[in-house]
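**Student:** Here it is, the structure in full.
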2 protein chains.
Amino acid sequence: MGIIRRTKSVEMLLDEFQKDSGAISVIELIKRVNSKINKTTVYRVLDNLEDDGILHSFLDKNGIKWYAKCYDCSTAGHSDAHPHFQCINCGKVDCLTLEVNIPKIPDREVMVAQVLIQGKCKACFV
Amino acid sequence: MGIIRRTKSVEMLLDEFQKDSGAISVIELIKRVNSKINKTTVYRVLDNLEDDGILHSFLDKNGIKWYAKCYDCSTAGHSDAHPHFQCINCGKVDCLTLEVNIPKIPDREVMVAQVLIQGKCKACFV
DNA sequence: TAATTTAATGCAACTGAGTTGCAAATATAA
DNA sequence: TTATATTTGCAACTCAGTTGCATTAAATTA
């Protein structure tokens with residue numbers, strides 16, 4: 001449906017993505033804005049921001065929902081085919097700008113590919 | 001922990017993977033063996049079979065757990081780096097034998113990559 | 001600026017996949 | 001056949017995410 005009114009909840013949530021460059025899990029967001037915004041509202045605002053092409057979402061290894069800022073998306077559609085990287089040590093998740101080449105598959109029409117890469121991030125990889 | 005005893009539950013579940021070449025969701029399995037095996041047992045047996053390198057698991061687009069037969073795995077470790085293909089029309093999920101090349105990423109150590117490809121399968125792609 | 005409209009919010013209760021603890025059942029070794 | 005250790009069923013639980021509905025508050029209009 002998308003965002004229509006510029007409410008406090010919208011401002012506050014967008015602000016979190018302003019100061020955090022990586023992806024943020026909904027659980028983490030709910031914790032951060034707890035006592036300010038109800039969790040139902042958090043889910044709904046994020047959903048709207050995704051419809052508007054401002055955020056995109058994906059599930060991590062444990063089926064938990066994460067959101068991150070979009071760069072090349074719009075209400076017309078998401079081009080968030082980029083892979084996501086989750087550190088198995090600190091849990092941080094980032095969008096990777098690199099492209100993963102998905103080969104053509106015989107007898108099948110490929111439409112979207114989700115790539116979740118796990119490993120150690122810069123801070124944890126010594 | 002792995003399977004130690006050859007019980008009816010183990011036979012019955014392995015049988016499902018014998019007659020079904022693709023992946024099967026736990027939800028579907030529970031439905032199929034319902035009234036024969038308790039859902040807790042289904043989860044536990046599948047978990048054991050994964051430990052034994054007989055099945056491997058992954059989450060689909062909706063965070064639902066699926067299992068499929070392993071080919072090159074063992075108790076020593078899973079080599080299930082192959083991508084999984086989910087048909088957006090009929091919902092069927094298959095393991096793809098092709099390899100997806102994950103490039104090296106600067107400052108990060110890549111350990112595992114999960115690739116879930118969505119599109120239309122042979123039957124649904126006309 | 002006040003009144004009106006309609007989107008956004010909070011709350012409580014719910015859903016559903018997956019988990020846990022424990023007593024009872026059953027496969028396997030002795 | 002008996003002993004013992006694994007497996008199972010059951011019921012109750014967890015927890016991320018959803019739904020319905022009454023209330024609140026943006027934004028529009030008069």
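To be explicit about the labels: the chains of the structure tokens are called A, B, and onward in the order shown, and within each one the residues are counted from 1, while ligands get numbers from 1 in the order they are shown.
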Chain A: which residues are helix (DSSP H, G or I) by DSSP, as number ranges by chain?

**Tutor:** A: 8-19, 26-33, 39-51

**Student:** Please write the residues from the selection above to a file, keeping N, CA, C and O atoms, as a compact mmCIF listing (two decimals), in the first residue's frame.

**Tutor:**
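Saved to part17.txt:
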```txt
# COMPACT_ATOMS: atom_id res chain seq x y z
N LYS A 8 5.37 10.06 12.91
CA LYS A 8 6.53 9.89 13.79
C LYS A 8 7.18 8.53 13.65
O LYS A 8 8.40 8.39 13.67
N SER A 9 6.34 7.51 13.52
CA SER A 9 6.85 6.14 13.38
C SER A 9 7.71 6.01 12.13
O SER A 9 8.80 5.41 12.17
N VAL A 10 7.24 6.57 11.04
CA VAL A 10 7.99 6.50 9.78
C VAL A 10 9.34 7.20 9.93
O VAL A 10 10.38 6.65 9.59
N GLU A 11 9.30 8.42 10.49
CA GLU A 11 10.53 9.18 10.70
C GLU A 11 11.53 8.40 11.54
O GLU A 11 12.70 8.28 11.20
N MET A 12 11.02 7.88 12.64
CA MET A 12 11.88 7.20 13.60
C MET A 12 12.54 5.95 13.00
O MET A 12 13.72 5.70 13.19
N LEU A 13 11.75 5.19 12.23
CA LEU A 13 12.30 3.98 11.64
C LEU A 13 13.29 4.30 10.52
O LEU A 13 14.36 3.68 10.43
N LEU A 14 12.95 5.28 9.71
CA LEU A 14 13.88 5.66 8.64
C LEU A 14 15.19 6.13 9.23
O LEU A 14 16.27 5.91 8.68
N ASP A 15 15.06 6.80 10.38
CA ASP A 15 16.24 7.30 11.07
C ASP A 15 17.21 6.17 11.45
O ASP A 15 18.42 6.33 11.40
N GLU A 16 16.65 5.06 11.85
CA GLU A 16 17.48 3.92 12.22
C GLU A 16 18.32 3.44 11.04
O GLU A 16 19.47 3.04 11.20
N PHE A 17 17.70 3.49 9.85
CA PHE A 17 18.44 3.06 8.66
C PHE A 17 19.42 4.12 8.19
O PHE A 17 20.32 3.85 7.43
N GLN A 18 19.21 5.36 8.68
CA GLN A 18 20.11 6.44 8.34
C GLN A 18 21.44 6.25 9.07
O GLN A 18 22.50 6.40 8.50
N LYS A 19 21.34 5.90 10.33
CA LYS A 19 22.58 5.79 11.12
C LYS A 19 23.21 4.41 11.06
O LYS A 19 24.34 4.22 11.48
N VAL A 26 14.03 -7.08 12.02
CA VAL A 26 12.83 -6.48 12.59
C VAL A 26 12.88 -6.61 14.12
O VAL A 26 12.53 -5.67 14.84
N ILE A 27 13.35 -7.74 14.58
CA ILE A 27 13.47 -7.96 16.02
C ILE A 27 14.32 -6.88 16.68
O ILE A 27 13.97 -6.34 17.73
N GLU A 28 15.45 -6.59 16.05
CA GLU A 28 16.34 -5.55 16.56
C GLU A 28 15.65 -4.19 16.54
O GLU A 28 15.73 -3.43 17.52
N LEU A 29 14.96 -3.90 15.46
CA LEU A 29 14.25 -2.62 15.34
C LEU A 29 13.20 -2.48 16.43
O LEU A 29 13.05 -1.41 17.04
N ILE A 30 12.45 -3.55 16.67
CA ILE A 30 11.41 -3.51 17.70
C ILE A 30 12.04 -3.21 19.06
O ILE A 30 11.53 -2.42 19.84
N LYS A 31 13.19 -3.84 19.31
CA LYS A 31 13.91 -3.58 20.57
C LYS A 31 14.30 -2.12 20.67
O LYS A 31 14.12 -1.47 21.70
N ARG A 32 14.85 -1.58 19.58
CA ARG A 32 15.35 -0.20 19.60
C ARG A 32 14.25 0.81 19.85
O ARG A 32 14.46 1.79 20.56
N VAL A 33 13.11 0.64 19.23
CA VAL A 33 12.06 1.65 19.34
C VAL A 33 11.00 1.26 20.37
O VAL A 33 9.97 1.92 20.49
N LYS A 39 4.96 -2.95 18.20
CA LYS A 39 5.60 -3.85 17.23
C LYS A 39 4.76 -4.07 15.98
O LYS A 39 5.29 -4.19 14.88
N THR A 40 3.44 -4.05 16.14
CA THR A 40 2.57 -4.18 14.96
C THR A 40 2.83 -3.05 13.99
O THR A 40 2.91 -3.25 12.77
N THR A 41 2.98 -1.85 14.55
CA THR A 41 3.25 -0.68 13.72
C THR A 41 4.60 -0.81 13.02
O THR A 41 4.72 -0.47 11.84
N VAL A 42 5.58 -1.31 13.74
CA VAL A 42 6.89 -1.50 13.12
C VAL A 42 6.77 -2.39 11.89
O VAL A 42 7.24 -2.04 10.80
N TYR A 43 6.10 -3.52 12.05
CA TYR A 43 5.91 -4.42 10.91
C TYR A 43 5.20 -3.73 9.76
O TYR A 43 5.56 -3.88 8.60
N ARG A 44 4.16 -2.95 10.11
CA ARG A 44 3.36 -2.32 9.05
C ARG A 44 4.12 -1.22 8.32
O ARG A 44 4.07 -1.11 7.09
N VAL A 45 4.85 -0.40 9.09
CA VAL A 45 5.61 0.68 8.45
C VAL A 45 6.70 0.11 7.54
O VAL A 45 6.87 0.57 6.40
N LEU A 46 7.40 -0.91 8.02
CA LEU A 46 8.45 -1.51 7.21
C LEU A 46 7.88 -2.08 5.92
O LEU A 46 8.45 -1.93 4.83
N ASP A 47 6.73 -2.71 6.05
CA ASP A 47 6.06 -3.28 4.89
C ASP A 47 5.72 -2.19 3.87
O ASP A 47 5.92 -2.36 2.67
N ASN A 48 5.22 -1.08 4.37
CA ASN A 48 4.90 0.05 3.50
C ASN A 48 6.14 0.62 2.83
O ASN A 48 6.12 0.95 1.63
N LEU A 49 7.21 0.77 3.61
CA LEU A 49 8.44 1.32 3.05
C LEU A 49 9.00 0.40 1.97
O LEU A 49 9.64 0.86 1.02
N GLU A 50 8.74 -0.89 2.12
CA GLU A 50 9.17 -1.82 1.08
C GLU A 50 8.34 -1.63 -0.18
O GLU A 50 8.87 -1.62 -1.29
N ASP A 51 7.05 -1.46 0.00
CA ASP A 51 6.17 -1.19 -1.15
C ASP A 51 6.60 0.06 -1.90
O ASP A 51 6.46 0.14 -3.12
```

**Student:** Taking 3 positions as the minimum chain separation for residues in the same chain, which residues sit within 12 Å of DA13 in chain C when counting only C-alpha atoms (C1' of nucleotides)? Answer as JSON, numbers by chain.

**Tutor:** {"D": [18, 19, 20, 21]}

**Student:** Using only C-alpha atoms (C1' of nucleotides), which of the listed residues (B:Ala23, B:Leu59, B:Ala81, B:Val115) sits closest to chain C?

**Tutor:**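 That would be B:Leu59, the residue with the smallest distance to chain C.
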
**Student:** Provide as a list in words the residues of chain D at most 12 Å from chain A, counting only C-alpha atoms (C1' of nucleotides).

**Tutor:**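 Filtering chain D at 12 Å from chain A with only C-alpha atoms (C1' of nucleotides) gives DC15, DA16, DG17, DT18, DT19, DA25, DA26 and DA27 of chain D.
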
**Student:** For the residues in the current selection, export N, CA, C and O atoms (P, O5', C5', C4', C3', O3' and C1' of nucleotides) as a JSON list (two decimals), in the first residue's frame.

**Tutor:**
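See again09.json below for the written result:
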```json
[["chain", "number", "residue", "atom", "x", "y", "z"],
["D", 15, "DC", "P", 11.10, -17.34, 23.78],
["D", 15, "DC", "O5'", 11.30, -16.90, 22.26],
["D", 15, "DC", "C5'", 11.13, -17.85, 21.21],
["D", 15, "DC", "C4'", 10.50, -17.18, 20.00],
["D", 15, "DC", "C3'", 10.28, -15.67, 20.13],
["D", 15, "DC", "O3'", 10.45, -15.11, 18.84],
["D", 15, "DC", "C1'", 8.28, -16.67, 19.61],
["D", 16, "DA", "P", 11.21, -13.71, 18.63],
["D", 16, "DA", "O5'", 10.95, -13.47, 17.07],
["D", 16, "DA", "C5'", 11.40, -14.44, 16.16],
["D", 16, "DA", "C4'", 10.44, -14.52, 14.99],
["D", 16, "DA", "C3'", 10.11, -13.19, 14.35],
["D", 16, "DA", "O3'", 10.07, -13.37, 12.94],
["D", 16, "DA", "C1'", 8.11, -14.21, 15.09],
["D", 17, "DG", "P", 9.96, -12.12, 11.99],
["D", 17, "DG", "O5'", 8.40, -12.03, 11.71],
["D", 17, "DG", "C5'", 7.79, -13.11, 11.01],
["D", 17, "DG", "C4'", 6.29, -13.00, 11.15],
["D", 17, "DG", "C3'", 5.67, -11.68, 10.67],
["D", 17, "DG", "O3'", 4.80, -11.96, 9.60],
["D", 17, "DG", "C1'", 4.70, -12.44, 12.69],
["D", 18, "DT", "P", 3.82, -10.86, 8.99],
["D", 18, "DT", "O5'", 2.43, -11.18, 9.67],
["D", 18, "DT", "C5'", 1.93, -12.50, 9.62],
["D", 18, "DT", "C4'", 0.48, -12.50, 10.09],
["D", 18, "DT", "C3'", -0.40, -11.41, 9.46],
["D", 18, "DT", "O3'", -1.58, -12.06, 9.03],
["D", 18, "DT", "C1'", -0.56, -11.33, 11.83],
["D", 19, "DT", "P", -2.67, -11.26, 8.19],
["D", 19, "DT", "O5'", -3.83, -10.99, 9.26],
["D", 19, "DT", "C5'", -4.17, -12.00, 10.19],
["D", 19, "DT", "C4'", -5.39, -11.56, 10.99],
["D", 19, "DT", "C3'", -6.25, -10.48, 10.35],
["D", 19, "DT", "O3'", -7.60, -10.77, 10.61],
["D", 19, "DT", "C1'", -5.47, -9.73, 12.44],
["D", 25, "DA", "P", -2.84, 11.20, 19.53],
["D", 25, "DA", "O5'", -2.57, 11.57, 18.00],
["D", 25, "DA", "C5'", -1.80, 10.67, 17.21],
["D", 25, "DA", "C4'", -1.89, 11.11, 15.78],
["D", 25, "DA", "C3'", -1.75, 12.62, 15.58],
["D", 25, "DA", "O3'", -1.11, 12.83, 14.34],
["D", 25, "DA", "C1'", -3.72, 11.94, 14.63],
["D", 26, "DA", "P", 0.35, 13.49, 14.30],
["D", 26, "DA", "O5'", 0.84, 13.06, 12.83],
["D", 26, "DA", "C5'", 0.63, 13.98, 11.85],
["D", 26, "DA", "C4'", 0.06, 13.30, 10.62],
["D", 26, "DA", "C3'", 0.04, 14.32, 9.51],
["D", 26, "DA", "O3'", 0.55, 13.74, 8.35],
["D", 26, "DA", "C1'", -2.19, 13.55, 9.97],
["D", 27, "DA", "P", 1.18, 14.73, 7.25],
["D", 27, "DA", "O5'", -0.10, 15.11, 6.38],
["D", 27, "DA", "C5'", -0.79, 14.08, 5.68],
["D", 27, "DA", "C4'", -2.13, 14.58, 5.21],
["D", 27, "DA", "C3'", -2.08, 15.88, 4.40],
["D", 27, "DA", "O3'", -2.82, 15.65, 3.22],
["D", 27, "DA", "C1'", -3.74, 16.02, 6.07]]
```

**Student:** Excluding Ala68 in chain B and its own-chain neighbours fewer than 3 positions away, which residues fall within 10 Å of it when counting only C-alpha atoms (C1' of nucleotides)? Please give them as a ChimeraX atom specification.

**Tutor:** /B:17,20-25,46,50,54-58,71,80,84,93-95

**Student:** Which residues of chain B have any atom within 8 Å of an atom in chain A when counting only C-alpha atoms, and what is the closest pair of atoms for each, with the distance in Å to one decimal? Order the rows by chain and rising number and write it as a tab-separated table.

**Tutor:**
```
residue	atom	partner	partner_atom	distance
B:Leu59	CA	A:Gly63	CA	6.9
B:Lys61	CA	A:Leu59	CA	7.5
B:Asn62	CA	A:Gly63	CA	7.6
B:Gly63	CA	A:Gly63	CA	4.5
B:Ile64	CA	A:Gly63	CA	7.6
B:Val100	CA	A:Ile102	CA	6.5
B:Asn101	CA	A:Asn101	CA	7.2
B:Ile102	CA	A:Val100	CA	6.5
B:Pro103	CA	A:Val100	CA	7.6
B:Asp107	CA	A:Lys122	CA	5.0
B:Arg108	CA	A:Cys121	CA	4.9
B:Glu109	CA	A:Lys120	CA	5.0
B:Val110	CA	A:Gly119	CA	4.5
B:Met111	CA	A:Gly119	CA	4.6
B:Val112	CA	A:Gln118	CA	5.1
B:Ala113	CA	A:Ile117	CA	4.2
B:Gln114	CA	A:Leu116	CA	5.1
B:Val115	CA	A:Val115	CA	4.6
B:Leu116	CA	A:Gln114	CA	5.1
B:Ile117	CA	A:Ala113	CA	4.2
B:Gln118	CA	A:Val112	CA	5.1
B:Gly119	CA	A:Val110	CA	4.5
B:Lys120	CA	A:Glu109	CA	5.1
B:Cys121	CA	A:Arg108	CA	4.9
B:Lys122	CA	A:Asp107	CA	5.1
B:Phe125	CA	A:Arg108	CA	6.6
```

**Student:** Write out, as a PDB file, in the first residue's frame, the residues just selected, with C-alpha atoms.

**Tutor:**
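Final file, out04.pdb:
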```pdb
ATOM      1  CA  LEU B  59      14.604 -22.642   4.348  1.00  0.00           C
ATOM      2  CA  LYS B  61      11.317 -17.993   0.621  1.00  0.00           C
ATOM      3  CA  ASN B  62       8.807 -18.000   3.469  1.00  0.00           C
ATOM      4  CA  GLY B  63      11.161 -19.347   6.101  1.00  0.00           C
ATOM      5  CA  ILE B  64       9.643 -22.829   5.893  1.00  0.00           C
ATOM      6  CA  VAL B 100      26.846 -21.151  -8.573  1.00  0.00           C
ATOM      7  CA  ASN B 101      30.118 -19.346  -8.467  1.00  0.00           C
ATOM      8  CA  ILE B 102      30.435 -17.104  -5.432  1.00  0.00           C
ATOM      9  CA  PRO B 103      33.196 -14.576  -5.985  1.00  0.00           C
ATOM     10  CA  ASP B 107      37.947  -8.279   3.724  1.00  0.00           C
ATOM     11  CA  ARG B 108      35.547 -11.142   4.297  1.00  0.00           C
ATOM     12  CA  GLU B 109      35.905 -14.856   4.619  1.00  0.00           C
ATOM     13  CA  VAL B 110      33.162 -16.656   2.735  1.00  0.00           C
ATOM     14  CA  MET B 111      32.178 -19.945   4.323  1.00  0.00           C
ATOM     15  CA  VAL B 112      28.784 -21.008   3.002  1.00  0.00           C
ATOM     16  CA  ALA B 113      26.440 -19.634   0.400  1.00  0.00           C
ATOM     17  CA  GLN B 114      22.760 -20.398   0.172  1.00  0.00           C
ATOM     18  CA  VAL B 115      21.148 -19.823  -3.164  1.00  0.00           C
ATOM     19  CA  LEU B 116      17.401 -20.003  -3.613  1.00  0.00           C
ATOM     20  CA  ILE B 117      16.255 -19.488  -7.160  1.00  0.00           C
ATOM     21  CA  GLN B 118      12.625 -18.769  -7.909  1.00  0.00           C
ATOM     22  CA  GLY B 119      10.881 -19.107 -11.203  1.00  0.00           C
ATOM     23  CA  LYS B 120       8.746 -21.523 -13.149  1.00  0.00           C
ATOM     24  CA  CYS B 121       9.456 -25.220 -13.338  1.00  0.00           C
ATOM     25  CA  LYS B 122       9.199 -27.325 -16.471  1.00  0.00           C
ATOM     26  CA  PHE B 125       6.611 -22.978 -17.776  1.00  0.00           C
TER      27      PHE B 125
END
```

**Student:** Please identify all residues of chain C having at least one atom at most 9 Å from any atom of chain A, considering only C-alpha atoms (C1' of nucleotides), and return them as a ChimeraX atom specification.

**Tutor:** /C:7-11

**Student:** I need the chosen residues saved as a short mmCIF file (atom, residue, chain, number, x, y, z; two decimals), in the first residue's frame, with all heavy atoms.

**Tutor:**
```cif
data_model
loop_
_atom_site.label_atom_id
_atom_site.label_comp_id
_atom_site.auth_asym_id
_atom_site.auth_seq_id
_atom_site.Cartn_x
_atom_site.Cartn_y
_atom_site.Cartn_z
P DA C 7 -7.54 6.16 3.49
OP1 DA C 7 -7.61 6.18 2.02
OP2 DA C 7 -8.23 5.13 4.28
"O5'" DA C 7 -6.01 6.20 3.90
"C5'" DA C 7 -5.28 7.41 3.78
"C4'" DA C 7 -4.32 7.55 4.95
"O4'" DA C 7 -5.05 7.83 6.17
"C3'" DA C 7 -3.51 6.28 5.23
"O3'" DA C 7 -2.19 6.70 5.49
"C2'" DA C 7 -4.19 5.66 6.44
"C1'" DA C 7 -4.70 6.89 7.17
N9 DA C 7 -5.92 6.68 7.96
C8 DA C 7 -7.11 6.17 7.54
N7 DA C 7 -8.03 6.12 8.49
C5 DA C 7 -7.38 6.63 9.59
C6 DA C 7 -7.82 6.84 10.92
N6 DA C 7 -9.06 6.56 11.36
N1 DA C 7 -6.92 7.36 11.79
C2 DA C 7 -5.69 7.65 11.34
N3 DA C 7 -5.18 7.50 10.13
C4 DA C 7 -6.09 6.97 9.30
P DA C 8 -1.05 5.64 5.86
OP1 DA C 8 0.23 6.22 5.41
OP2 DA C 8 -1.49 4.32 5.39
"O5'" DA C 8 -1.08 5.66 7.44
"C5'" DA C 8 -0.73 6.86 8.12
"C4'" DA C 8 -0.68 6.60 9.61
"O4'" DA C 8 -2.01 6.35 10.10
"C3'" DA C 8 0.17 5.41 10.03
"O3'" DA C 8 1.01 5.86 11.07
"C2'" DA C 8 -0.85 4.36 10.47
"C1'" DA C 8 -1.99 5.24 10.97
N9 DA C 8 -3.33 4.66 10.89
C8 DA C 8 -3.93 4.07 9.80
N7 DA C 8 -5.17 3.67 10.02
C5 DA C 8 -5.40 4.04 11.34
C6 DA C 8 -6.53 3.91 12.17
N6 DA C 8 -7.69 3.36 11.78
N1 DA C 8 -6.44 4.37 13.44
C2 DA C 8 -5.28 4.94 13.84
N3 DA C 8 -4.15 5.12 13.13
C4 DA C 8 -4.29 4.65 11.89
P DT C 9 1.98 4.88 11.82
OP1 DT C 9 3.16 5.69 12.22
OP2 DT C 9 2.14 3.65 11.03
"O5'" DT C 9 1.16 4.52 13.12
"C5'" DT C 9 0.86 5.56 14.05
"C4'" DT C 9 0.09 4.99 15.21
"O4'" DT C 9 -1.18 4.50 14.74
"C3'" DT C 9 0.77 3.80 15.90
"O3'" DT C 9 1.12 4.21 17.22
"C2'" DT C 9 -0.28 2.69 15.89
"C1'" DT C 9 -1.57 3.42 15.54
N1 DT C 9 -2.57 2.65 14.76
C2 DT C 9 -3.81 2.43 15.29
O2 DT C 9 -4.14 2.81 16.40
N3 DT C 9 -4.67 1.73 14.48
C4 DT C 9 -4.42 1.26 13.21
O4 DT C 9 -5.27 0.65 12.57
C5 DT C 9 -3.09 1.52 12.70
C7 DT C 9 -2.71 1.04 11.33
C6 DT C 9 -2.24 2.20 13.48
P DG C 10 1.97 3.23 18.17
OP1 DG C 10 2.79 4.10 19.05
OP2 DG C 10 2.61 2.18 17.36
"O5'" DG C 10 0.81 2.57 19.04
"C5'" DG C 10 -0.15 3.42 19.65
"C4'" DG C 10 -1.07 2.61 20.54
"O4'" DG C 10 -2.09 1.98 19.71
"C3'" DG C 10 -0.39 1.50 21.33
"O3'" DG C 10 -1.01 1.49 22.62
"C2'" DG C 10 -0.70 0.23 20.51
"C1'" DG C 10 -2.05 0.57 19.88
N9 DG C 10 -2.28 0.01 18.54
C8 DG C 10 -1.35 -0.09 17.52
N7 DG C 10 -1.85 -0.59 16.41
C5 DG C 10 -3.18 -0.83 16.72
C6 DG C 10 -4.23 -1.37 15.91
O6 DG C 10 -4.16 -1.76 14.74
N1 DG C 10 -5.43 -1.45 16.62
C2 DG C 10 -5.61 -1.05 17.92
N2 DG C 10 -6.82 -1.21 18.42
N3 DG C 10 -4.64 -0.55 18.68
C4 DG C 10 -3.46 -0.47 18.02
P DC C 11 -0.40 0.56 23.80
OP1 DC C 11 -0.52 1.37 25.03
OP2 DC C 11 0.90 -0.01 23.39
"O5'" DC C 11 -1.47 -0.62 23.88
"C5'" DC C 11 -2.86 -0.31 23.82
"C4'" DC C 11 -3.67 -1.57 23.60
"O4'" DC C 11 -3.82 -1.84 22.19
"C3'" DC C 11 -3.05 -2.83 24.21
"O3'" DC C 11 -4.02 -3.47 25.00
"C2'" DC C 11 -2.67 -3.68 23.01
"C1'" DC C 11 -3.73 -3.23 21.99
N1 DC C 11 -3.35 -3.47 20.57
C2 DC C 11 -4.35 -3.84 19.66
O2 DC C 11 -5.51 -3.97 20.07
N3 DC C 11 -4.01 -4.05 18.37
C4 DC C 11 -2.75 -3.90 17.97
N4 DC C 11 -2.47 -4.12 16.68
C5 DC C 11 -1.71 -3.53 18.88
C6 DC C 11 -2.06 -3.32 20.16
#
```

**Student:** If you run DSSP on this backbone, which residues of range 14-89 of chain A come out as strand (DSSP E), and could you give them as a PDB file with C-alpha atoms, in the first residue's frame?

**Tutor:**
```pdb
ATOM      1  CA  ILE A  24      18.625  -4.454  10.514  1.00  0.00           C
ATOM      2  CA  SER A  25      16.409  -7.282  11.681  1.00  0.00           C
ATOM      3  CA  LEU A  55      13.579  -0.594   1.928  1.00  0.00           C
ATOM      4  CA  HIS A  56      13.888  -4.211   0.841  1.00  0.00           C
ATOM      5  CA  SER A  57      13.542  -7.304   2.972  1.00  0.00           C
ATOM      6  CA  PHE A  58      14.917 -10.808   3.099  1.00  0.00           C
ATOM      7  CA  LEU A  59      15.094 -13.739   5.507  1.00  0.00           C
ATOM      8  CA  LYS A  65      13.218 -10.988   8.667  1.00  0.00           C
ATOM      9  CA  TRP A  66      15.723  -8.231   7.890  1.00  0.00           C
ATOM     10  CA  TYR A  67      15.385  -4.903   6.126  1.00  0.00           C
ATOM     11  CA  ALA A  68      17.925  -2.721   4.386  1.00  0.00           C
ATOM     12  CA  LYS A  69      17.896   0.467   2.364  1.00  0.00           C
ATOM     13  CA  HIS A  84      23.432 -10.507   1.540  1.00  0.00           C
ATOM     14  CA  PHE A  85      26.309 -11.351   3.796  1.00  0.00           C
ATOM     15  CA  GLN A  86      25.780 -12.544   7.357  1.00  0.00           C
ATOM     16  CA  CYS A  87      28.692 -12.849   9.750  1.00  0.00           C
TER      17      CYS A  87
END
```

**Student:** So that I can check the surroundings of DA25 in chain C, please list as a list in words every protein, DNA and RNA residue that reaches within 10 Å of it, counting only C-alpha atoms (C1' of nucleotides) and ignoring chain neighbours fewer than 6 positions away.

**Tutor:**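 Counting only C-alpha atoms (C1' of nucleotides), the residues come to DT7, DT8 and DG9 of chain D.
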